file target.cif (mmCIF, C-alpha atoms (C1' of nucleotides))
data_my_file
#
loop_
_atom_site.label_atom_id
_atom_site.label_comp_id
_atom_site.auth_asym_id
_atom_site.auth_seq_id
_atom_site.Cartn_x
_atom_site.Cartn_y
_atom_site.Cartn_z
CA MET A 1 104.70 135.44 99.02
CA PRO A 2 105.71 131.89 98.34
CA VAL A 3 106.35 132.31 94.58
CA LEU A 4 108.44 129.15 94.42
CA SER A 5 107.67 125.73 95.82
CA GLN A 6 109.96 123.98 98.22
CA THR A 7 110.93 121.64 95.44
CA SER A 8 112.03 124.51 93.21
CA GLU A 9 114.10 125.91 96.02
CA TYR A 10 115.80 122.58 96.47
CA ALA A 11 116.50 122.53 92.77
CA LEU A 12 117.99 126.01 92.79
CA GLN A 13 120.11 125.35 95.84
CA ALA A 14 121.43 122.14 94.40
CA THR A 15 122.32 123.65 91.05
CA VAL A 16 124.15 126.48 92.76
CA VAL A 17 126.23 124.02 94.73
CA LEU A 18 126.93 122.13 91.54
CA ALA A 19 127.88 125.38 89.82
CA ARG A 20 130.61 125.87 92.37
CA GLN A 21 131.83 122.31 92.38
CA SER A 22 132.70 121.43 88.79
CA ASP A 23 133.03 117.70 89.45
CA MET A 24 130.42 115.06 90.12
CA VAL A 25 128.54 115.23 93.38
CA GLU A 26 126.41 112.45 94.85
CA VAL A 27 122.88 113.08 96.00
CA GLY A 28 123.79 112.03 99.51
CA VAL A 29 126.41 114.72 99.77
CA LEU A 30 124.13 117.37 98.32
CA ALA A 31 121.28 116.35 100.57
CA GLU A 32 123.42 116.55 103.65
CA ALA A 33 124.99 119.85 102.63
CA LEU A 34 121.59 121.42 102.08
CA GLY A 35 119.81 119.66 104.90
CA VAL A 36 117.07 118.21 102.74
CA PRO A 37 115.70 114.66 102.42
CA LYS A 38 117.92 112.60 100.21
CA ASN A 39 115.32 110.49 98.48
CA TYR A 40 113.26 113.46 97.60
CA LEU A 41 116.18 115.44 96.30
CA SER A 42 117.12 112.44 94.23
CA LYS A 43 113.85 112.59 92.38
CA THR A 44 114.08 116.30 91.91
CA LEU A 45 117.54 116.07 90.43
CA SER A 46 116.49 113.20 88.21
CA GLN A 47 113.89 115.43 86.70
CA LEU A 48 116.47 118.10 86.09
CA ALA A 49 118.66 115.51 84.41
CA ARG A 50 115.78 114.44 82.21
CA SER A 51 115.06 118.03 81.26
CA GLY A 52 118.69 118.60 80.30
CA VAL A 53 119.81 120.91 83.07
CA LEU A 54 121.96 118.30 84.78
CA GLU A 55 123.94 115.31 83.73
CA SER A 56 123.73 112.21 85.83
CA VAL A 57 126.01 109.20 86.00
CA ARG A 58 124.80 106.02 87.55
CA GLY A 59 126.65 103.28 89.31
CA LYS A 60 129.67 103.56 91.46
CA HIS A 61 131.33 106.96 91.40
CA GLY A 62 128.18 108.35 89.91
CA GLY A 63 126.48 111.58 90.77
CA PHE A 64 125.22 114.82 89.28
CA ARG A 65 126.86 117.68 87.47
CA LEU A 66 125.67 120.67 85.46
CA ALA A 67 125.07 119.81 81.84
CA ARG A 68 126.21 123.24 80.69
CA PRO A 69 128.17 126.19 82.07
CA ALA A 70 126.24 127.80 84.91
CA ASP A 71 125.92 131.06 83.01
CA GLU A 72 124.06 129.34 80.23
CA ILE A 73 121.38 127.94 82.51
CA PRO A 74 118.53 130.38 83.11
CA LEU A 75 116.65 129.95 86.35
CA LEU A 76 113.56 129.27 84.30
CA ALA A 77 115.08 126.01 83.13
CA VAL A 78 115.73 124.93 86.69
CA VAL A 79 112.34 125.85 87.97
CA GLU A 80 110.10 125.11 85.03
CA PRO A 81 109.61 121.39 85.67
CA PHE A 82 108.15 122.14 89.07
CA GLU A 83 106.07 125.23 88.42
CA ARG A 84 103.54 126.21 85.86
CA PHE A 85 104.67 129.57 84.64
CA THR A 86 103.01 129.21 81.30
CA GLU A 87 99.70 128.77 83.10
CA ASN A 88 96.63 130.47 81.72
CA ARG A 89 97.30 133.99 82.84
CA ARG A 90 93.89 135.07 83.86
CA CYS A 91 93.17 138.30 85.65
CA LEU A 92 94.15 138.43 89.27
CA MET A 93 90.49 138.50 90.17
CA GLY A 94 89.70 135.28 88.39
CA ARG A 95 87.31 134.86 85.55
CA PRO A 96 83.85 136.21 86.20
CA LEU A 97 84.29 139.96 86.22
CA CYS A 98 87.24 140.50 83.99
CA SER A 99 88.15 138.79 80.77
CA GLU A 100 90.72 139.53 78.12
CA GLU A 101 88.16 141.31 75.98
CA ASP A 102 86.37 143.20 78.70
CA ALA A 103 89.21 143.87 81.08
CA CYS A 104 89.37 145.79 84.31
CA ALA A 105 91.42 148.96 84.47
CA ALA A 106 94.24 147.19 86.23
CA HIS A 107 94.53 144.38 83.75
CA GLU A 108 97.44 145.64 81.73
CA SER A 109 99.61 146.73 84.58
CA TRP A 110 99.14 143.38 86.25
CA ARG A 111 100.13 141.63 83.07
CA ALA A 112 103.22 143.75 82.91
CA ILE A 113 104.30 142.52 86.30
CA GLY A 114 103.78 138.93 85.26
CA GLY A 115 106.00 139.64 82.28
CA LYS A 116 108.70 141.03 84.51
CA ILE A 117 108.72 137.95 86.66
CA VAL A 118 109.06 135.64 83.72
CA ARG A 119 111.76 137.83 82.22
CA PHE A 120 113.68 137.71 85.45
CA PHE A 121 113.65 133.93 85.45
CA ARG A 122 114.72 133.90 81.83
CA GLN A 123 117.55 136.40 82.13
CA THR A 124 119.01 135.42 85.45
CA THR A 125 121.29 132.40 85.37
CA VAL A 126 122.46 129.83 87.85
CA GLY A 127 125.82 131.51 87.56
CA ASP A 128 124.34 134.73 88.89
CA LEU A 129 123.03 132.93 91.93
CA ALA A 130 126.37 131.26 92.49
CA ARG A 131 128.24 134.56 92.44
CA GLY A 132 128.40 136.96 95.34
CA ARG A 133 126.78 140.36 95.03
CA SER A 134 130.14 141.96 94.29
CA ARG A 135 129.75 140.80 90.73
CA TRP A 136 126.64 142.65 90.09
CA PRO A 137 126.56 145.85 88.07
CA ASN A 138 124.77 149.07 88.76
CA SER A 139 121.09 148.52 88.89
CA THR A 140 120.23 149.88 85.47
CA GLU A 141 120.01 146.46 83.92
CA LEU A 142 116.84 144.80 85.14
CA GLY A 143 115.02 147.12 87.45
CA GLY A 144 115.09 149.88 84.91
CA GLU A 145 111.50 150.94 84.80
CA LYS A 146 109.60 153.66 86.48
CA GLY A 147 107.28 152.68 89.27
CA MET B 148 101.47 131.30 88.73
CA PRO B 149 98.78 131.27 91.34
CA VAL B 150 99.85 134.46 93.14
CA LEU B 151 96.52 134.87 94.89
CA SER B 152 94.52 132.29 96.78
CA GLN B 153 90.96 131.46 95.90
CA THR B 154 89.89 133.31 98.99
CA SER B 155 91.61 136.49 97.88
CA GLU B 156 89.94 136.24 94.53
CA TYR B 157 86.57 135.88 96.17
CA ALA B 158 87.37 138.93 98.24
CA LEU B 159 88.34 140.98 95.21
CA GLN B 160 85.33 139.92 93.22
CA ALA B 161 83.00 140.72 96.05
CA THR B 162 84.46 144.14 96.69
CA VAL B 163 84.21 144.97 93.01
CA VAL B 164 80.54 144.09 93.01
CA LEU B 165 80.07 146.18 96.11
CA ALA B 166 81.94 149.04 94.47
CA ARG B 167 79.33 149.12 91.74
CA GLN B 168 76.35 148.70 94.01
CA SER B 169 76.52 151.50 96.57
CA ASP B 170 73.85 150.03 98.81
CA MET B 171 73.87 147.08 101.15
CA VAL B 172 74.17 143.64 99.62
CA GLU B 173 73.52 140.37 101.42
CA VAL B 174 76.02 137.54 101.30
CA GLY B 175 73.47 135.30 99.68
CA VAL B 176 73.08 137.64 96.76
CA LEU B 177 76.79 138.11 96.38
CA ALA B 178 77.44 134.40 96.61
CA GLU B 179 74.89 133.64 93.94
CA ALA B 180 76.10 136.41 91.67
CA LEU B 181 79.67 135.19 91.86
CA GLY B 182 78.88 131.52 91.96
CA VAL B 183 80.77 130.85 95.16
CA PRO B 184 79.76 129.03 98.36
CA LYS B 185 77.77 131.30 100.61
CA ASN B 186 79.14 130.11 103.91
CA TYR B 187 82.67 130.54 102.84
CA LEU B 188 82.11 133.94 101.35
CA SER B 189 80.41 134.95 104.55
CA LYS B 190 83.54 134.22 106.50
CA THR B 191 85.72 136.00 104.02
CA LEU B 192 83.61 139.13 104.10
CA SER B 193 83.46 139.06 107.87
CA GLN B 194 87.21 139.25 107.93
CA LEU B 195 87.13 142.18 105.56
CA ALA B 196 84.64 143.89 107.81
CA ARG B 197 86.85 143.30 110.81
CA SER B 198 89.84 144.71 108.97
CA GLY B 199 87.92 147.83 108.04
CA VAL B 200 87.49 147.34 104.31
CA LEU B 201 83.78 146.63 104.55
CA GLU B 202 80.97 147.64 106.78
CA SER B 203 78.50 145.04 107.89
CA VAL B 204 75.02 145.36 109.28
CA ARG B 205 73.33 142.44 110.95
CA GLY B 206 69.73 141.55 111.20
CA LYS B 207 67.00 142.41 108.81
CA HIS B 208 68.05 144.62 105.92
CA GLY B 209 71.60 143.78 106.82
CA GLY B 210 74.43 143.07 104.48
CA PHE B 211 77.78 144.35 103.41
CA ARG B 212 78.96 147.59 101.91
CA LEU B 213 82.30 149.25 101.27
CA ALA B 214 83.50 151.16 104.28
CA ARG B 215 85.13 153.79 102.07
CA PRO B 216 84.97 154.98 98.46
CA ALA B 217 86.28 152.29 96.13
CA ASP B 218 89.13 154.49 94.98
CA GLU B 219 90.44 154.77 98.50
CA ILE B 220 90.74 151.02 98.97
CA PRO B 221 94.00 149.61 97.70
CA LEU B 222 93.96 146.00 96.64
CA LEU B 223 96.50 145.33 99.33
CA ALA B 224 93.87 146.04 101.96
CA VAL B 225 91.50 143.54 100.40
CA VAL B 226 94.04 140.83 99.99
CA GLU B 227 96.25 141.30 103.01
CA PRO B 228 94.15 139.33 105.51
CA PHE B 229 94.44 136.25 103.33
CA GLU B 230 98.01 136.42 102.10
CA ARG B 231 101.29 137.05 103.76
CA PHE B 232 102.85 139.79 101.68
CA THR B 233 104.85 141.18 104.52
CA GLU B 234 106.39 137.74 104.94
CA ASN B 235 110.07 137.46 105.64
CA ARG B 236 111.35 138.21 102.18
CA ARG B 237 114.11 135.73 101.95
CA CYS B 238 115.96 135.05 98.75
CA LEU B 239 114.10 133.04 96.17
CA MET B 240 116.47 130.19 96.85
CA GLY B 241 115.64 129.98 100.53
CA ARG B 242 118.02 130.53 103.37
CA PRO B 243 121.08 128.39 103.23
CA LEU B 244 123.12 129.83 100.38
CA CYS B 245 122.08 133.41 100.28
CA SER B 246 121.45 135.79 103.13
CA GLU B 247 120.93 139.52 103.26
CA GLU B 248 124.55 140.13 104.12
CA ASP B 249 126.14 137.66 101.75
CA ALA B 250 123.74 137.84 98.88
CA CYS B 251 123.74 136.16 95.51
CA ALA B 252 124.21 138.28 92.41
CA ALA B 253 120.51 138.15 91.63
CA HIS B 254 119.35 139.20 95.04
CA GLU B 255 118.73 142.84 94.32
CA SER B 256 116.91 142.40 91.06
CA TRP B 257 114.65 139.84 92.64
CA ARG B 258 113.92 142.19 95.47
CA ALA B 259 113.06 144.85 92.95
CA ILE B 260 110.41 142.63 91.47
CA GLY B 261 108.96 141.88 94.85
CA GLY B 262 108.78 145.60 95.41
CA LYS B 263 106.95 146.09 92.15
CA ILE B 264 104.35 143.54 93.10
CA VAL B 265 103.71 145.11 96.46
CA ARG B 266 103.61 148.55 94.91
CA PHE B 267 101.02 147.35 92.43
CA PHE B 268 98.79 146.10 95.20
CA ARG B 269 99.25 149.33 97.07
CA GLN B 270 98.62 151.67 94.17
CA THR B 271 95.81 149.88 92.42
CA THR B 272 92.42 150.38 93.98
CA VAL B 273 89.16 148.50 94.02
CA GLY B 274 87.86 151.34 91.92
CA ASP B 275 90.36 150.49 89.21
CA LEU B 276 89.12 146.93 89.12
CA ALA B 277 85.55 148.04 89.00
CA ARG B 278 86.15 150.25 86.01
CA GLY B 279 86.33 148.90 82.50
CA ARG B 280 89.49 149.20 80.45
CA SER B 281 88.03 152.26 78.78
CA ARG B 282 89.69 154.16 81.55
CA TRP B 283 92.97 152.95 80.19
CA PRO B 284 95.03 155.34 78.08
CA ASN B 285 96.35 153.09 75.34
CA SER B 286 93.09 151.34 74.65
CA THR B 287 91.56 152.02 71.27
CA GLU B 288 88.29 150.41 72.10
CA LEU B 289 85.71 151.93 74.37
CA GLY B 290 83.60 149.23 75.83
CA GLY B 291 80.82 149.92 78.24
CA GLU B 292 80.96 148.35 81.61
CA LYS B 293 79.24 145.11 82.19
CA GLY B 294 80.20 141.76 83.59
"C1'" DT C 295 130.69 86.97 88.27
"C1'" DG C 296 129.03 88.75 92.43
"C1'" DG C 297 128.47 92.54 95.32
"C1'" DA C 298 128.35 97.24 96.54
"C1'" DA C 299 127.43 101.89 95.21
"C1'" DA C 300 124.68 105.09 93.12
"C1'" DC C 301 120.86 106.82 90.21
"C1'" DA C 302 115.74 105.80 88.61
"C1'" DT C 303 111.14 105.10 89.57
"C1'" DG C 304 106.53 103.65 91.09
"C1'" DA C 305 103.52 103.32 95.02
"C1'" DT C 306 102.19 105.05 99.12
"C1'" DA C 307 101.77 107.77 103.16
"C1'" DA C 308 102.00 112.14 105.83
"C1'" DC C 309 100.98 116.65 105.89
"C1'" DC C 310 98.78 120.97 105.32
"C1'" DA C 311 96.50 124.77 103.73
"C1'" DC C 312 92.49 125.78 101.49
"C1'" DA C 313 87.79 125.16 101.02
"C1'" DT C 314 83.15 123.72 102.44
"C1'" DG C 315 79.11 122.40 105.16
"C1'" DA C 316 76.12 122.04 109.23
"C1'" DC C 317 74.63 124.36 112.93
"C1'" DC C 318 74.24 127.45 116.58
"C1'" DT C 319 74.62 132.36 118.44
"C1'" DT C 320 73.91 137.23 118.22
"C1'" DA C 321 72.09 141.46 116.60
"C1'" DT C 322 68.40 144.06 114.12
"C1'" DG C 323 63.98 145.64 112.56
"C1'" DG C 324 59.14 145.31 112.41
"C1'" DC D 325 59.10 137.91 119.79
"C1'" DC D 326 59.66 136.39 115.51
"C1'" DA D 327 61.87 136.40 111.10
"C1'" DT D 328 66.13 137.59 109.11
"C1'" DA D 329 70.90 137.93 108.29
"C1'" DA D 330 75.59 138.37 109.98
"C1'" DG D 331 79.11 136.08 113.09
"C1'" DG D 332 81.30 132.24 114.92
"C1'" DT D 333 82.42 127.24 115.92
"C1'" DC D 334 83.16 122.60 114.88
"C1'" DA D 335 83.83 118.99 111.81
"C1'" DT D 336 84.89 117.38 107.33
"C1'" DG D 337 86.42 117.21 102.65
"C1'" DT D 338 89.99 117.74 99.26
"C1'" DG D 339 93.92 118.44 96.36
"C1'" DG D 340 98.51 119.33 96.06
"C1'" DT D 341 102.95 119.20 97.91
"C1'" DT D 342 106.36 116.88 100.35
"C1'" DA D 343 108.41 112.81 102.14
"C1'" DT D 344 109.12 107.79 102.68
"C1'" DC D 345 109.45 102.96 101.18
"C1'" DA D 346 110.56 99.46 98.27
"C1'" DT D 347 112.53 97.98 94.32
"C1'" DG D 348 114.71 98.21 89.84
"C1'" DT D 349 118.67 99.40 86.99
"C1'" DT D 350 123.25 100.73 85.83
"C1'" DT D 351 128.11 100.85 86.73
"C1'" DC D 352 132.48 99.89 88.88
"C1'" DC D 353 135.65 96.88 90.99
"C1'" DA D 354 137.64 93.06 93.18
#
call {"tool": "encode", "arguments": {"input": "target.cif", "output": "structure tokens"}}
result
Amino acid sequence: MPVLSQTSEYALQATVVLARQSDMVEVGVLAEALGVPKNYLSKTLSQLARSGVLESVRGKHGGFRLARPADEIPLLAVVEPFERFTENRRCLMGRPLCSEEDACAAHESWRAIGGKIVRFFRQTTVGDLARGRSRWPNSTELGGEKG
Amino acid sequence: MPVLSQTSEYALQATVVLARQSDMVEVGVLAEALGVPKNYLSKTLSQLARSGVLESVRGKHGGFRLARPADEIPLLAVVEPFERFTENRRCLMGRPLCSEEDACAAHESWRAIGGKIVRFFRQTTVGDLARGRSRWPNSTELGGEKG
DNA sequence: TGGAAACATGATAACCACATGACCTTATGG
DNA sequence: CCATAAGGTCATGTGGTTATCATGTTTCCA
């Protein structure tokens, strides 16, 4: 499963690095550290700056930095500009055989999964990604549903 | 979220029609019923025949038919030839910052969601899709089946 | 004030998977 | 053997993602 585009992955990786750094980092440094094309990353980070996730400073000694504490940035915010999560959630079959009104028997459980994904991206923060797994509590928090 | 490719949707739609039909159906008929290109659907169904989901008969009076009862065909079987579910499940960030051994704090909960998706495709059957929501417990409305 | 450093941005190309079409081959039944 | 329908091959289209190029704009500093 792809789930996230390359661009979104770049965005996540970059924000995690920034979460650990605390001071301004230039695109060139980030790009080299992550092994991704600099010009492209530049555009990606610009978008994140525009959407309020990052702060950017131009000119000499410029660079990027998180606009807020890492724990206050949900992954959804990082990824949203590059994905369409709010897309028309049609049935997994597509339109013809299954609509909202006349739904297939699997409709609801599929919807539930979609909800879980979105909730994950809303509840998980950049800070979580930046931390090692040691930090993470017993698995009652998010996975807590029967399967 | 896309989640499934167009091809997979074609496959699901076609199998659902076949689930309701019980006798052989030609590609041409299926293609027209679903409003999809015949040649393409032909290829898709061939793959499903090869993978054992469908049975095909060539020549006059040929066509396609489910190889097993609809309730014994998990969606995974229909969709697997066209997606890579078993893909290397790396972290949603990609490789560099988060591996299996040194995982981010969100690693496990993300994995859990991946598991849920796969489980859904394993547990839900073509039969479920073919049935209306009337089969569903918490539905107050009993609609007949028709598409 | 000029130049270098760094982000910002628009245009364009490269790439790629998905999708489609045209056409030929093979099997089947009558 | 002939019509039919699946199976396969080759070539092409097509849209979206990713990457590159060129240039503009802001800022710092000497």
call {"tool": "atom_distance", "arguments": {"input": "target.cif", "atom1": "C1' of DG331 (chain D)", "atom2": "C1' of DA321 (chain C)"}}
result
9.5 Å
call {"tool": "residues_around", "arguments": {"input": "target.cif", "residues": "Val53 (chain A)", "least_positions_apart": "6", "cutoff": "7 Å", "atoms": "all atoms listed in the file", "output": "JSON, numbers by chain"}}
result
{"A": [66, 67, 77, 78]}
call {"tool": "calpha_fit_and_write", "arguments": {"input": "target.cif", "fixed": "chain B", "moving": "chain A", "output": "CSV table (one decimal) with C-alpha atoms, in the coordinates of the input"}}
result
chain,number,residue,atom,x,y,z
A,1,MET,CA,99.8,130.7,88.9
A,2,PRO,CA,97.4,130.9,91.8
A,3,VAL,CA,98.5,134.3,93.1
A,4,LEU,CA,95.3,134.7,95.1
A,5,SER,CA,93.6,132.3,97.4
A,6,GLN,CA,90.1,131.2,96.9
A,7,THR,CA,89.1,133.3,99.9
A,8,SER,CA,90.6,136.4,98.4
A,9,GLU,CA,88.7,135.8,95.2
A,10,TYR,CA,85.5,135.5,97.1
A,11,ALA,CA,86.3,138.7,98.8
A,12,LEU,CA,86.9,140.5,95.5
A,13,GLN,CA,83.8,139.1,93.9
A,14,ALA,CA,81.7,140.1,96.8
A,15,THR,CA,83.0,143.6,97.0
A,16,VAL,CA,82.4,144.1,93.3
A,17,VAL,CA,78.8,143.0,93.6
A,18,LEU,CA,78.5,145.4,96.5
A,19,ALA,CA,80.1,148.2,94.5
A,20,ARG,CA,77.3,147.8,92.0
A,21,GLN,CA,74.5,147.6,94.4
A,22,SER,CA,74.7,150.6,96.7
A,23,ASP,CA,72.2,149.3,99.3
A,24,MET,CA,72.6,146.6,101.9
A,25,VAL,CA,73.0,143.0,100.7
A,26,GLU,CA,72.6,139.9,102.9
A,27,VAL,CA,75.2,137.2,102.9
A,28,GLY,CA,72.7,134.7,101.7
A,29,VAL,CA,72.0,136.7,98.6
A,30,LEU,CA,75.7,137.3,97.9
A,31,ALA,CA,76.5,133.6,98.4
A,32,GLU,CA,73.8,132.5,96.1
A,33,ALA,CA,74.7,135.0,93.4
A,34,LEU,CA,78.3,134.0,93.5
A,35,GLY,CA,77.8,130.3,94.0
A,36,VAL,CA,79.9,130.1,97.1
A,37,PRO,CA,79.2,128.6,100.6
A,38,LYS,CA,77.3,131.0,102.7
A,39,ASN,CA,78.8,130.3,106.1
A,40,TYR,CA,82.2,130.7,104.7
A,41,LEU,CA,81.5,133.9,102.9
A,42,SER,CA,80.0,135.2,106.1
A,43,LYS,CA,83.3,134.9,107.9
A,44,THR,CA,85.2,136.4,105.0
A,45,LEU,CA,83.0,139.4,104.9
A,46,SER,CA,83.1,139.8,108.6
A,47,GLN,CA,86.8,140.1,108.4
A,48,LEU,CA,86.4,142.8,105.8
A,49,ALA,CA,84.0,144.6,108.0
A,50,ARG,CA,86.5,144.4,110.9
A,51,SER,CA,89.3,145.7,108.7
A,52,GLY,CA,87.1,148.7,107.6
A,53,VAL,CA,86.4,147.8,104.0
A,54,LEU,CA,82.8,146.9,104.5
A,55,GLU,CA,80.1,148.0,106.9
A,56,SER,CA,77.9,145.4,108.4
A,57,VAL,CA,74.5,145.7,110.0
A,58,ARG,CA,73.2,143.0,112.2
A,59,GLY,CA,69.7,141.9,113.0
A,60,LYS,CA,66.7,142.0,110.7
A,61,HIS,CA,67.2,143.9,107.5
A,62,GLY,CA,70.9,143.7,108.1
A,63,GLY,CA,73.6,142.9,105.6
A,64,PHE,CA,76.8,144.3,104.1
A,65,ARG,CA,77.7,147.4,102.2
A,66,LEU,CA,80.9,149.1,101.1
A,67,ALA,CA,82.3,151.4,103.8
A,68,ARG,CA,83.6,153.8,101.3
A,69,PRO,CA,83.1,154.6,97.6
A,70,ALA,CA,84.4,151.8,95.5
A,71,ASP,CA,87.1,154.0,93.9
A,72,GLU,CA,88.6,154.6,97.3
A,73,ILE,CA,89.1,151.0,98.1
A,74,PRO,CA,92.4,149.6,96.7
A,75,LEU,CA,92.4,145.9,96.0
A,76,LEU,CA,95.2,145.6,98.5
A,77,ALA,CA,92.7,146.4,101.3
A,78,VAL,CA,90.4,143.7,100.2
A,79,VAL,CA,93.0,141.1,99.8
A,80,GLU,CA,95.4,141.9,102.6
A,81,PRO,CA,93.6,140.1,105.4
A,82,PHE,CA,93.8,136.9,103.6
A,83,GLU,CA,97.3,137.1,102.0
A,84,ARG,CA,100.7,137.9,103.3
A,85,PHE,CA,102.0,140.4,100.9
A,86,THR,CA,104.4,142.0,103.3
A,87,GLU,CA,106.0,138.6,103.8
A,88,ASN,CA,109.8,138.4,104.1
A,89,ARG,CA,110.7,138.9,100.5
A,90,ARG,CA,113.5,136.5,100.1
A,91,CYS,CA,115.1,135.6,96.9
A,92,LEU,CA,113.1,133.3,94.6
A,93,MET,CA,115.6,130.6,95.3
A,94,GLY,CA,115.2,130.7,99.0
A,95,ARG,CA,117.8,131.4,101.5
A,96,PRO,CA,120.9,129.4,101.2
A,97,LEU,CA,122.6,130.6,98.0
A,98,CYS,CA,121.4,134.1,97.7
A,99,SER,CA,121.0,136.7,100.5
A,100,GLU,CA,120.4,140.4,100.4
A,101,GLU,CA,124.1,141.2,100.8
A,102,ASP,CA,125.4,138.5,98.5
A,103,ALA,CA,122.7,138.4,95.9
A,104,CYS,CA,122.4,136.5,92.7
A,105,ALA,CA,122.4,138.4,89.4
A,106,ALA,CA,118.7,138.1,89.0
A,107,HIS,CA,117.9,139.5,92.5
A,108,GLU,CA,117.1,143.0,91.6
A,109,SER,CA,114.9,142.3,88.6
A,110,TRP,CA,112.9,139.8,90.6
A,111,ARG,CA,112.4,142.4,93.3
A,112,ALA,CA,111.2,144.8,90.7
A,113,ILE,CA,108.5,142.4,89.7
A,114,GLY,CA,107.4,142.0,93.3
A,115,GLY,CA,107.1,145.7,93.5
A,116,LYS,CA,105.0,145.9,90.4
A,117,ILE,CA,102.6,143.4,91.8
A,118,VAL,CA,102.2,145.2,95.1
A,119,ARG,CA,101.8,148.5,93.2
A,120,PHE,CA,99.1,147.0,91.1
A,121,PHE,CA,97.1,146.0,94.2
A,122,ARG,CA,97.6,149.4,95.7
A,123,GLN,CA,96.6,151.4,92.6
A,124,THR,CA,93.8,149.4,91.3
A,125,THR,CA,90.5,149.9,93.1
A,126,VAL,CA,87.3,147.9,93.5
A,127,GLY,CA,85.7,150.5,91.3
A,128,ASP,CA,88.0,149.5,88.5
A,129,LEU,CA,87.0,145.9,88.8
A,130,ALA,CA,83.3,146.8,88.8
A,131,ARG,CA,83.6,148.8,85.6
A,132,GLY,CA,83.7,147.3,82.2
A,133,ARG,CA,86.8,147.6,80.1
A,134,SER,CA,85.4,150.4,78.1
A,135,ARG,CA,86.4,152.7,81.0
A,136,TRP,CA,90.0,152.0,80.8
A,137,PRO,CA,92.4,154.4,79.2
A,138,ASN,CA,95.2,153.7,76.8
A,139,SER,CA,97.7,151.4,78.3
A,140,THR,CA,100.4,154.0,79.2
A,141,GLU,CA,99.3,154.1,82.8
A,142,LEU,CA,100.4,150.9,84.5
A,143,GLY,CA,102.2,148.8,82.1
A,144,GLY,CA,104.5,151.5,81.1
A,145,GLU,CA,107.9,149.9,81.4
A,146,LYS,CA,110.2,148.3,78.9
A,147,GLY,CA,110.4,144.5,79.1
call {"tool": "resolve_selection", "arguments": {"input": "target.cif", "expression": "the PyMOL selection byres ((chain B and resi 272) around 12)", "output": "PDB file with C-alpha atoms, in the frame of the given file"}}
result
ATOM      1  CA  CYS A 104      89.370 145.790  84.310  1.00  0.00           C
ATOM      2  CA  ALA A 105      91.420 148.960  84.470  1.00  0.00           C
ATOM      3  CA  ALA A 106      94.240 147.190  86.230  1.00  0.00           C
TER       4      ALA A 106
ATOM      5  CA  LEU B 159      88.340 140.980  95.210  1.00  0.00           C
ATOM      6  CA  THR B 162      84.460 144.140  96.690  1.00  0.00           C
ATOM      7  CA  VAL B 163      84.210 144.970  93.010  1.00  0.00           C
ATOM      8  CA  ALA B 166      81.940 149.040  94.470  1.00  0.00           C
ATOM      9  CA  VAL B 200      87.490 147.340 104.310  1.00  0.00           C
ATOM     10  CA  ARG B 215      85.130 153.790 102.070  1.00  0.00           C
ATOM     11  CA  PRO B 216      84.970 154.980  98.460  1.00  0.00           C
ATOM     12  CA  ALA B 217      86.280 152.290  96.130  1.00  0.00           C
ATOM     13  CA  ASP B 218      89.130 154.490  94.980  1.00  0.00           C
ATOM     14  CA  GLU B 219      90.440 154.770  98.500  1.00  0.00           C
ATOM     15  CA  ILE B 220      90.740 151.020  98.970  1.00  0.00           C
ATOM     16  CA  PRO B 221      94.000 149.610  97.700  1.00  0.00           C
ATOM     17  CA  LEU B 222      93.960 146.000  96.640  1.00  0.00           C
ATOM     18  CA  LEU B 223      96.500 145.330  99.330  1.00  0.00           C
ATOM     19  CA  ALA B 224      93.870 146.040 101.960  1.00  0.00           C
ATOM     20  CA  VAL B 225      91.500 143.540 100.400  1.00  0.00           C
ATOM     21  CA  VAL B 226      94.040 140.830  99.990  1.00  0.00           C
ATOM     22  CA  ARG B 266     103.610 148.550  94.910  1.00  0.00           C
ATOM     23  CA  PHE B 267     101.020 147.350  92.430  1.00  0.00           C
ATOM     24  CA  PHE B 268      98.790 146.100  95.200  1.00  0.00           C
ATOM     25  CA  ARG B 269      99.250 149.330  97.070  1.00  0.00           C
ATOM     26  CA  GLN B 270      98.620 151.670  94.170  1.00  0.00           C
ATOM     27  CA  THR B 271      95.810 149.880  92.420  1.00  0.00           C
ATOM     28  CA  VAL B 273      89.160 148.500  94.020  1.00  0.00           C
ATOM     29  CA  GLY B 274      87.860 151.340  91.920  1.00  0.00           C
ATOM     30  CA  ASP B 275      90.360 150.490  89.210  1.00  0.00           C
ATOM     31  CA  LEU B 276      89.120 146.930  89.120  1.00  0.00           C
ATOM     32  CA  ALA B 277      85.550 148.040  89.000  1.00  0.00           C
ATOM     33  CA  ARG B 278      86.150 150.250  86.010  1.00  0.00           C
TER      34      ARG B 278
END
call {"tool": "resolve_selection", "arguments": {"input": "target.cif", "expression": "the PyMOL selection byres ((chain C and resi 303) around 8)", "output": "list in words"}}
result
DA302 and DG304 of chain C; DG348 of chain D
call {"tool": "residues_around", "arguments": {"input": "target.cif", "residues": "Ile260 (chain B)", "least_positions_apart": "4", "cutoff": "9 Å", "atoms": "only C-alpha atoms (C1' of nucleotides)", "output": "ChimeraX atom specification"}}
result
/A:113,116-117,120,143 /B:255-256,264-265
call {"tool": "resolve_selection", "arguments": {"input": "target.cif", "expression": "the PyMOL selection byres ((chain B and resi 204) around 9)", "output": "ChimeraX atom specification"}}
result
/B:171,202-203,205-212 /C:321-322 /D:329-330
call {"tool": "residues_around", "arguments": {"input": "target.cif", "residues": "Phe229 (chain B)", "least_positions_apart": "5", "cutoff": "9 Å", "atoms": "all atoms listed in the file", "output": "ChimeraX atom specification"}}
result
/B:151-152,154-155,191
call {"tool": "residues_around", "arguments": {"input": "target.cif", "residues": "DT341 (chain D)", "least_positions_apart": "2", "cutoff": "10 Å", "atoms": "all atoms listed in the file", "output": "ChimeraX atom specification"}}
result
/A:5-7 /C:309-310 /D:339,343
